[in-house]
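Trainee: Structure file input.cif, mmCIF, C-alpha atoms and all ligand atoms, is pasted below:
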data_input
#
loop_
_atom_site.label_atom_id
_atom_site.label_comp_id
_atom_site.auth_asym_id
_atom_site.auth_seq_id
_atom_site.Cartn_x
_atom_site.Cartn_y
_atom_site.Cartn_z
CA MET X 1 43.37 -53.52 -21.23
CA GLY X 2 39.74 -52.51 -20.68
CA SER X 3 37.36 -53.74 -18.02
CA ILE X 4 36.02 -57.25 -18.44
CA ALA X 5 33.00 -58.83 -16.79
CA VAL X 6 31.89 -62.44 -16.89
CA TYR X 7 28.16 -63.06 -17.30
CA PRO X 8 27.58 -66.69 -16.33
CA GLY X 9 24.43 -68.76 -16.59
CA SER X 10 22.70 -71.84 -17.93
CA PHE X 11 21.21 -69.97 -20.91
CA ASP X 12 18.87 -72.91 -21.63
CA PRO X 13 18.04 -71.13 -23.90
CA ILE X 14 19.06 -67.46 -24.13
CA THR X 15 16.08 -65.07 -23.89
CA ASN X 16 15.59 -61.42 -24.76
CA GLY X 17 15.87 -60.76 -21.03
CA HIS X 18 19.46 -62.08 -21.11
CA ILE X 19 20.24 -59.86 -24.11
CA ASP X 20 18.78 -56.84 -22.31
CA LEU X 21 21.03 -57.57 -19.36
CA LEU X 22 24.05 -58.00 -21.62
CA GLU X 23 23.39 -54.58 -23.19
CA ARG X 24 23.18 -52.99 -19.74
CA ALA X 25 26.44 -54.69 -18.70
CA LEU X 26 28.12 -53.33 -21.85
CA LYS X 27 27.39 -49.81 -20.59
CA MET X 28 29.53 -50.57 -17.56
CA PHE X 29 32.26 -52.83 -18.95
CA ASP X 30 34.36 -52.73 -22.11
CA GLU X 31 33.97 -56.43 -22.70
CA VAL X 32 31.49 -59.03 -21.46
CA ILE X 33 32.18 -62.74 -21.61
CA ILE X 34 29.04 -64.85 -21.60
CA ALA X 35 30.00 -68.07 -19.82
CA VAL X 36 27.66 -70.97 -20.57
CA ALA X 37 27.72 -73.46 -17.70
CA VAL X 38 28.33 -76.98 -18.95
CA ASN X 39 27.13 -78.61 -15.72
CA VAL X 40 23.78 -77.24 -14.72
CA GLY X 41 21.71 -78.54 -11.82
CA LYS X 42 18.74 -79.78 -13.81
CA GLU X 43 18.94 -81.78 -17.03
CA PRO X 44 19.12 -79.01 -19.66
CA LEU X 45 16.95 -79.05 -22.78
CA PHE X 46 19.90 -78.09 -25.00
CA THR X 47 23.51 -79.29 -24.80
CA ALA X 48 26.12 -76.76 -23.71
CA LYS X 49 27.36 -76.53 -27.31
CA GLU X 50 23.82 -75.90 -28.60
CA ARG X 51 23.26 -73.24 -25.94
CA LEU X 52 26.54 -71.56 -26.89
CA GLU X 53 25.75 -71.68 -30.63
CA MET X 54 22.29 -70.18 -30.05
CA ILE X 55 23.86 -67.26 -28.18
CA LYS X 56 26.41 -66.69 -30.96
CA GLU X 57 23.69 -66.78 -33.63
CA SER X 58 21.45 -64.46 -31.61
CA LEU X 59 24.24 -61.88 -31.34
CA ALA X 60 25.63 -62.27 -34.88
CA ASP X 61 24.08 -59.00 -36.06
CA HIS X 62 24.21 -57.14 -32.76
CA PRO X 63 25.92 -53.73 -33.02
CA LEU X 64 27.98 -54.42 -29.85
CA ARG X 65 28.99 -57.98 -30.85
CA ASP X 66 32.70 -57.07 -31.05
CA ARG X 67 32.69 -56.45 -27.29
CA VAL X 68 31.09 -59.79 -26.45
CA LYS X 69 32.65 -63.24 -26.23
CA VAL X 70 30.82 -66.49 -25.66
CA ASP X 71 32.56 -69.37 -23.94
CA LEU X 72 31.85 -72.63 -22.13
CA LEU X 73 32.20 -72.69 -18.36
CA HIS X 74 33.61 -75.93 -16.96
CA GLY X 75 33.97 -76.28 -13.20
CA LEU X 76 34.03 -73.44 -10.71
CA LEU X 77 32.98 -70.01 -11.88
CA VAL X 78 35.52 -68.12 -9.75
CA ASN X 79 38.37 -70.17 -11.24
CA TYR X 80 37.14 -69.33 -14.71
CA VAL X 81 36.88 -65.61 -13.89
CA GLN X 82 40.41 -65.61 -12.50
CA SER X 83 41.75 -67.41 -15.58
CA ILE X 84 40.53 -64.64 -17.94
CA PRO X 85 41.76 -62.61 -15.91
CA ALA X 86 38.66 -60.68 -14.80
CA SER X 87 37.39 -59.65 -11.40
CA THR X 88 33.65 -59.05 -11.86
CA ILE X 89 30.74 -61.43 -12.24
CA VAL X 90 27.55 -59.92 -13.62
CA ARG X 91 24.15 -61.35 -12.74
CA GLY X 92 20.64 -60.13 -13.44
CA LEU X 93 17.93 -59.52 -10.89
CA ARG X 94 14.28 -59.56 -11.86
CA ALA X 95 12.34 -59.67 -8.64
CA VAL X 96 12.81 -60.14 -4.92
CA SER X 97 12.35 -63.88 -5.49
CA ASP X 98 15.71 -64.00 -7.32
CA PHE X 99 17.50 -62.38 -4.44
CA GLU X 100 17.96 -65.25 -2.00
CA TYR X 101 19.60 -67.57 -4.53
CA GLU X 102 21.73 -64.79 -5.95
CA PHE X 103 22.81 -63.62 -2.50
CA GLN X 104 23.84 -67.15 -1.57
CA MET X 105 25.83 -67.61 -4.78
CA ALA X 106 27.52 -64.22 -4.54
CA LEU X 107 28.63 -64.84 -0.97
CA MET X 108 29.83 -68.36 -1.75
CA ASN X 109 31.80 -67.04 -4.71
CA ARG X 110 33.29 -64.36 -2.44
CA LYS X 111 34.23 -67.05 0.09
CA LEU X 112 35.91 -69.04 -2.70
CA ASN X 113 37.75 -66.01 -4.05
CA ALA X 114 37.63 -62.71 -2.16
CA GLU X 115 39.17 -60.80 -5.10
CA ILE X 116 36.11 -61.32 -7.28
CA GLU X 117 32.99 -59.17 -6.89
CA THR X 118 29.46 -59.80 -8.15
CA ALA X 119 27.61 -56.89 -9.74
CA PHE X 120 23.81 -57.14 -9.96
CA ILE X 121 21.97 -55.40 -12.75
CA MET X 122 18.20 -54.92 -12.84
CA THR X 123 16.53 -56.44 -15.86
CA GLY X 124 14.44 -54.08 -17.98
CA MET X 125 10.76 -53.97 -16.95
CA ARG X 126 9.71 -55.52 -20.27
CA TRP X 127 11.47 -58.75 -19.38
CA ILE X 128 10.74 -58.94 -15.68
CA TYR X 129 8.44 -61.98 -15.99
CA ILE X 130 10.61 -63.97 -18.40
CA SER X 131 12.86 -66.89 -17.58
CA SER X 132 14.23 -69.74 -19.69
CA ARG X 133 12.17 -72.13 -17.56
CA ILE X 134 8.84 -70.39 -18.16
CA ILE X 135 9.61 -69.94 -21.87
CA LYS X 136 10.13 -73.71 -22.22
CA GLU X 137 6.94 -74.39 -20.30
CA VAL X 138 4.93 -72.13 -22.61
CA VAL X 139 6.36 -73.72 -25.78
CA ARG X 140 5.76 -77.23 -24.39
CA SER X 141 2.11 -76.35 -23.92
CA GLY X 142 1.74 -74.90 -27.42
CA GLY X 143 2.05 -71.20 -26.54
CA ASP X 144 3.74 -68.51 -28.61
CA VAL X 145 7.01 -67.00 -27.37
CA ALA X 146 7.68 -64.75 -30.37
CA GLY X 147 9.28 -61.50 -29.23
CA LEU X 148 10.43 -63.00 -25.94
CA VAL X 149 13.40 -64.92 -27.35
CA PRO X 150 15.49 -64.35 -30.50
CA ASP X 151 13.74 -65.75 -33.63
CA GLY X 152 16.29 -68.56 -34.14
CA VAL X 153 15.82 -69.65 -30.53
CA ALA X 154 12.02 -69.73 -30.93
CA MET X 155 12.47 -72.05 -33.93
CA LYS X 156 14.86 -74.36 -32.08
CA LEU X 157 12.46 -74.51 -29.13
CA LEU X 158 9.61 -75.53 -31.43
CA GLU X 159 11.77 -78.19 -33.13
CA ARG X 160 12.96 -79.62 -29.83
CA LEU X 161 9.70 -79.53 -27.95
CA SER X 162 7.30 -80.55 -30.67
CA HIS X 163 9.37 -83.67 -31.55
CA PRO X 164 10.17 -85.14 -28.13
O1 LIG X 201 21.35 -69.38 -15.13
P1 LIG X 201 21.60 -70.03 -13.81
O2 LIG X 201 21.23 -71.51 -13.88
O3 LIG X 201 20.93 -69.34 -12.67
O4 LIG X 201 23.20 -69.94 -13.55
C1 LIG X 201 23.80 -70.55 -12.45
C2 LIG X 201 25.35 -70.56 -12.63
C3 LIG X 201 25.72 -71.28 -13.91
C4 LIG X 201 25.85 -69.15 -12.68
C5 LIG X 201 25.95 -71.28 -11.38
O5 LIG X 201 25.36 -72.52 -11.23
C6 LIG X 201 27.46 -71.44 -11.49
O6 LIG X 201 28.19 -70.51 -11.26
N1 LIG X 201 27.93 -72.65 -11.89
C7 LIG X 201 29.33 -72.94 -12.05
C8 LIG X 201 29.85 -73.82 -10.91
C9 LIG X 201 30.10 -72.98 -9.67
O7 LIG X 201 31.01 -72.20 -9.59
N2 LIG X 201 29.21 -73.18 -8.68
C10 LIG X 201 29.27 -72.46 -7.42
C11 LIG X 201 28.53 -71.15 -7.48
S1 LIG X 201 28.25 -70.53 -5.86
#
Could you show the structure in this file as structure tokens?

Mentor:
Amino acid sequence: MGSIAVYPGSFDPITNGHIDLLERALKMFDEVIIAVAVNVGKEPLFTAKERLEMIKESLADHPLRDRVKVDLLHGLLVNYVQSIPASTIVRGLRAVSDFEYEFQMALMNRKLNAEIETAFIMTGMRWIYISSRIIKEVVRSGGDVAGLVPDGVAMKLLERLSHP
């Protein structure tokens, strides 16, 4: 069996920054499982199923799609990772501002299960300023996010945010 990493997140919605990170992770692992958290802190714009479907559609024509799985994440991340079984969590880092939250999560996950490690991968420079939150804010205010998210995601954002 090859190496497997779990890439967890809210993905509300997936952005090109997430896809960049996935591609980088696929250079290091044979398989990457994108785990879409069902319970996210803030009220998400899209349901977990919608978020999962958008990821699947965005990757449908991707040359590395056979090495990627997309799944829902219920409950604790470390329990999910162990159930695969995998032993690595992959997370992206954009700027120093991400670090504190990521550090806290990585150490809590280590406390919960010392067998599981978190690997941080730097996002490509092109995507350093992108987050799902800022993408939603731009669309809400009538801005264009073409090229920053997959085309299907841009359409769904327009549908959802222009018909509240
Ligand atoms: O994209 P996000 O919102 O930064 O991702 C956060 C996520 C989903 C990775 C985190 O909230 C998580 O792991 N949730 C699952 C529940 C869990 O295990 N929480 C404890 C993490 S320390």

Trainee: Would you name the residues within 9 Å of ligand LIG 201 (chain X), counting only C-alpha atoms and all ligand atoms, and put them as a PDB file with C-alpha atoms, in the coordinates of the input?

Mentor:
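And here is the file that came out, out_5.pdb:
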ATOM      1  CA  TYR X   7      28.160 -63.060 -17.300  1.00  0.00           C
ATOM      2  CA  PRO X   8      27.580 -66.690 -16.330  1.00  0.00           C
ATOM      3  CA  GLY X   9      24.430 -68.760 -16.590  1.00  0.00           C
ATOM      4  CA  SER X  10      22.700 -71.840 -17.930  1.00  0.00           C
ATOM      5  CA  PHE X  11      21.210 -69.970 -20.910  1.00  0.00           C
ATOM      6  CA  ASP X  12      18.870 -72.910 -21.630  1.00  0.00           C
ATOM      7  CA  ALA X  35      30.000 -68.070 -19.820  1.00  0.00           C
ATOM      8  CA  VAL X  36      27.660 -70.970 -20.570  1.00  0.00           C
ATOM      9  CA  ALA X  37      27.720 -73.460 -17.700  1.00  0.00           C
ATOM     10  CA  VAL X  38      28.330 -76.980 -18.950  1.00  0.00           C
ATOM     11  CA  ASN X  39      27.130 -78.610 -15.720  1.00  0.00           C
ATOM     12  CA  VAL X  40      23.780 -77.240 -14.720  1.00  0.00           C
ATOM     13  CA  GLY X  41      21.710 -78.540 -11.820  1.00  0.00           C
ATOM     14  CA  LYS X  42      18.740 -79.780 -13.810  1.00  0.00           C
ATOM     15  CA  LEU X  73      32.200 -72.690 -18.360  1.00  0.00           C
ATOM     16  CA  HIS X  74      33.610 -75.930 -16.960  1.00  0.00           C
ATOM     17  CA  GLY X  75      33.970 -76.280 -13.200  1.00  0.00           C
ATOM     18  CA  LEU X  76      34.030 -73.440 -10.710  1.00  0.00           C
ATOM     19  CA  LEU X  77      32.980 -70.010 -11.880  1.00  0.00           C
ATOM     20  CA  VAL X  78      35.520 -68.120  -9.750  1.00  0.00           C
ATOM     21  CA  ASN X  79      38.370 -70.170 -11.240  1.00  0.00           C
ATOM     22  CA  TYR X  80      37.140 -69.330 -14.710  1.00  0.00           C
ATOM     23  CA  ARG X  91      24.150 -61.350 -12.740  1.00  0.00           C
ATOM     24  CA  TYR X 101      19.600 -67.570  -4.530  1.00  0.00           C
ATOM     25  CA  GLU X 102      21.730 -64.790  -5.950  1.00  0.00           C
ATOM     26  CA  GLN X 104      23.840 -67.150  -1.570  1.00  0.00           C
ATOM     27  CA  MET X 105      25.830 -67.610  -4.780  1.00  0.00           C
ATOM     28  CA  ALA X 106      27.520 -64.220  -4.540  1.00  0.00           C
ATOM     29  CA  LEU X 107      28.630 -64.840  -0.970  1.00  0.00           C
ATOM     30  CA  MET X 108      29.830 -68.360  -1.750  1.00  0.00           C
ATOM     31  CA  ASN X 109      31.800 -67.040  -4.710  1.00  0.00           C
ATOM     32  CA  ARG X 110      33.290 -64.360  -2.440  1.00  0.00           C
ATOM     33  CA  LEU X 112      35.910 -69.040  -2.700  1.00  0.00           C
ATOM     34  CA  SER X 132      14.230 -69.740 -19.690  1.00  0.00           C
TER      35      SER X 132
END

Trainee: If we count all atoms listed in the file and set the cut-off at 8 Å, which residues sit around stretch 143-157 of chain X, ignoring sequence neighbours fewer than 6 positions away in its own chain? Please answer as an MDAnalysis selection string.

Mentor: chainID X and resid 13:17 54 57:58 127 130 135:136

Trainee: Please list as number ranges by chain every residue within 9 Å of X:Leu161, counting all atoms listed in the file and excluding residues in the same chain fewer than 2 positions away.

Mentor: X: 45, 136, 139-140, 156-159, 163-164

Trainee: For the residues in the current selection, export C-alpha atoms as a PDB file, in the frame of the given file.

Mentor:
ATOM      1  CA  LEU X  45      16.950 -79.050 -22.780  1.00  0.00           C
ATOM      2  CA  LYS X 136      10.130 -73.710 -22.220  1.00  0.00           C
ATOM      3  CA  VAL X 139       6.360 -73.720 -25.780  1.00  0.00           C
ATOM      4  CA  ARG X 140       5.760 -77.230 -24.390  1.00  0.00           C
ATOM      5  CA  LYS X 156      14.860 -74.360 -32.080  1.00  0.00           C
ATOM      6  CA  LEU X 157      12.460 -74.510 -29.130  1.00  0.00           C
ATOM      7  CA  LEU X 158       9.610 -75.530 -31.430  1.00  0.00           C
ATOM      8  CA  GLU X 159      11.770 -78.190 -33.130  1.00  0.00           C
ATOM      9  CA  HIS X 163       9.370 -83.670 -31.550  1.00  0.00           C
ATOM     10  CA  PRO X 164      10.170 -85.140 -28.130  1.00  0.00           C
TER      11      PRO X 164
END

Trainee: I'd like the contact shell of X:Phe120 - 12 Å cut-off, all atoms listed in the file, skipping same-chain residues fewer than 2 positions apart - returned as a list in words.

Mentor: Ala5, Val6, Tyr7, Leu21, Leu22, Arg24, Ala25, Met28, Thr88, Ile89, Val90, Arg91, Gly92, Leu93, Arg94, Ala95, Asp98, Phe99, Glu102, Phe103, Met105, Ala106, Glu117, Thr118, Met122 and Thr123 of chain X

Trainee: Could you work out how far atom CA of X:Ile121 lies from atom CA of X:Ile55, giving the answer in Å with one decimal?

Mentor: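 Taking atom CA of X:Ile55 as the start and atom CA of X:Ile121 as the end point, the length is 19.6 Å.
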
Trainee: How about completing stretch 114-125 of chain X with all heavy atoms and giving it to me as a short mmCIF file (atom, residue, chain, number, x, y, z; two decimals), in the frame of the given file?

Mentor:
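Written out: part_15.cif:
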data_model
loop_
_atom_site.label_atom_id
_atom_site.label_comp_id
_atom_site.auth_asym_id
_atom_site.auth_seq_id
_atom_site.Cartn_x
_atom_site.Cartn_y
_atom_site.Cartn_z
N ALA X 114 38.01 -64.03 -2.69
CA ALA X 114 37.63 -62.71 -2.16
C ALA X 114 38.00 -61.57 -3.10
O ALA X 114 37.56 -60.43 -2.90
CB ALA X 114 38.28 -62.50 -0.80
N GLU X 115 38.77 -61.85 -4.15
CA GLU X 115 39.17 -60.80 -5.10
C GLU X 115 38.08 -60.53 -6.13
O GLU X 115 38.16 -59.56 -6.89
CB GLU X 115 40.44 -61.23 -5.87
CG GLU X 115 41.65 -61.55 -4.98
CD GLU X 115 42.06 -60.34 -4.17
OE1 GLU X 115 42.15 -59.25 -4.76
OE2 GLU X 115 42.24 -60.48 -2.95
N ILE X 116 37.12 -61.44 -6.22
CA ILE X 116 36.11 -61.32 -7.28
C ILE X 116 34.80 -60.80 -6.70
O ILE X 116 34.31 -61.31 -5.70
CB ILE X 116 35.91 -62.69 -7.97
CG1 ILE X 116 37.22 -63.10 -8.67
CG2 ILE X 116 34.74 -62.66 -8.95
CD1 ILE X 116 37.23 -64.50 -9.21
N GLU X 117 34.25 -59.76 -7.35
CA GLU X 117 32.99 -59.17 -6.89
C GLU X 117 31.86 -59.54 -7.85
O GLU X 117 32.08 -59.75 -9.04
CB GLU X 117 33.10 -57.64 -6.84
CG GLU X 117 34.02 -57.12 -5.77
CD GLU X 117 33.56 -57.42 -4.34
OE1 GLU X 117 32.36 -57.69 -4.14
OE2 GLU X 117 34.42 -57.39 -3.43
N THR X 118 30.64 -59.58 -7.31
CA THR X 118 29.46 -59.80 -8.15
C THR X 118 28.71 -58.49 -8.27
O THR X 118 28.43 -57.84 -7.26
CB THR X 118 28.54 -60.88 -7.54
OG1 THR X 118 29.29 -62.08 -7.37
CG2 THR X 118 27.35 -61.16 -8.45
N ALA X 119 28.40 -58.10 -9.50
CA ALA X 119 27.61 -56.89 -9.74
C ALA X 119 26.22 -57.32 -10.22
O ALA X 119 26.10 -58.12 -11.16
CB ALA X 119 28.28 -56.03 -10.80
N PHE X 120 25.18 -56.81 -9.56
CA PHE X 120 23.81 -57.14 -9.96
C PHE X 120 23.22 -56.01 -10.79
O PHE X 120 23.36 -54.84 -10.43
CB PHE X 120 22.94 -57.39 -8.73
CG PHE X 120 23.33 -58.64 -8.01
CD1 PHE X 120 24.06 -58.58 -6.84
CD2 PHE X 120 23.00 -59.88 -8.53
CE1 PHE X 120 24.45 -59.74 -6.18
CE2 PHE X 120 23.39 -61.04 -7.89
CZ PHE X 120 24.11 -60.97 -6.71
N ILE X 121 22.58 -56.39 -11.87
CA ILE X 121 21.97 -55.40 -12.75
C ILE X 121 20.48 -55.73 -12.85
O ILE X 121 20.11 -56.89 -13.00
CB ILE X 121 22.63 -55.42 -14.16
CG1 ILE X 121 24.13 -55.09 -14.04
CG2 ILE X 121 21.92 -54.47 -15.11
CD1 ILE X 121 24.89 -55.16 -15.34
N MET X 122 19.65 -54.70 -12.73
CA MET X 122 18.20 -54.92 -12.84
C MET X 122 17.81 -55.12 -14.29
O MET X 122 18.15 -54.32 -15.16
CB MET X 122 17.43 -53.70 -12.32
CG MET X 122 17.65 -53.37 -10.85
SD MET X 122 17.24 -54.72 -9.75
CE MET X 122 15.49 -54.92 -10.08
N THR X 123 17.07 -56.17 -14.53
CA THR X 123 16.53 -56.44 -15.86
C THR X 123 15.53 -55.34 -16.23
O THR X 123 14.86 -54.81 -15.35
CB THR X 123 15.79 -57.80 -15.82
OG1 THR X 123 16.67 -58.77 -15.28
CG2 THR X 123 15.31 -58.23 -17.18
N GLY X 124 15.45 -55.04 -17.52
CA GLY X 124 14.44 -54.08 -17.98
C GLY X 124 13.03 -54.56 -17.64
O GLY X 124 12.77 -55.77 -17.65
N MET X 125 12.13 -53.62 -17.36
CA MET X 125 10.76 -53.97 -16.95
C MET X 125 10.05 -54.89 -17.95
O MET X 125 9.25 -55.73 -17.57
CB MET X 125 9.93 -52.69 -16.76
CG MET X 125 10.26 -51.93 -15.50
SD MET X 125 9.98 -52.90 -14.02
CE MET X 125 8.20 -52.76 -13.88
#
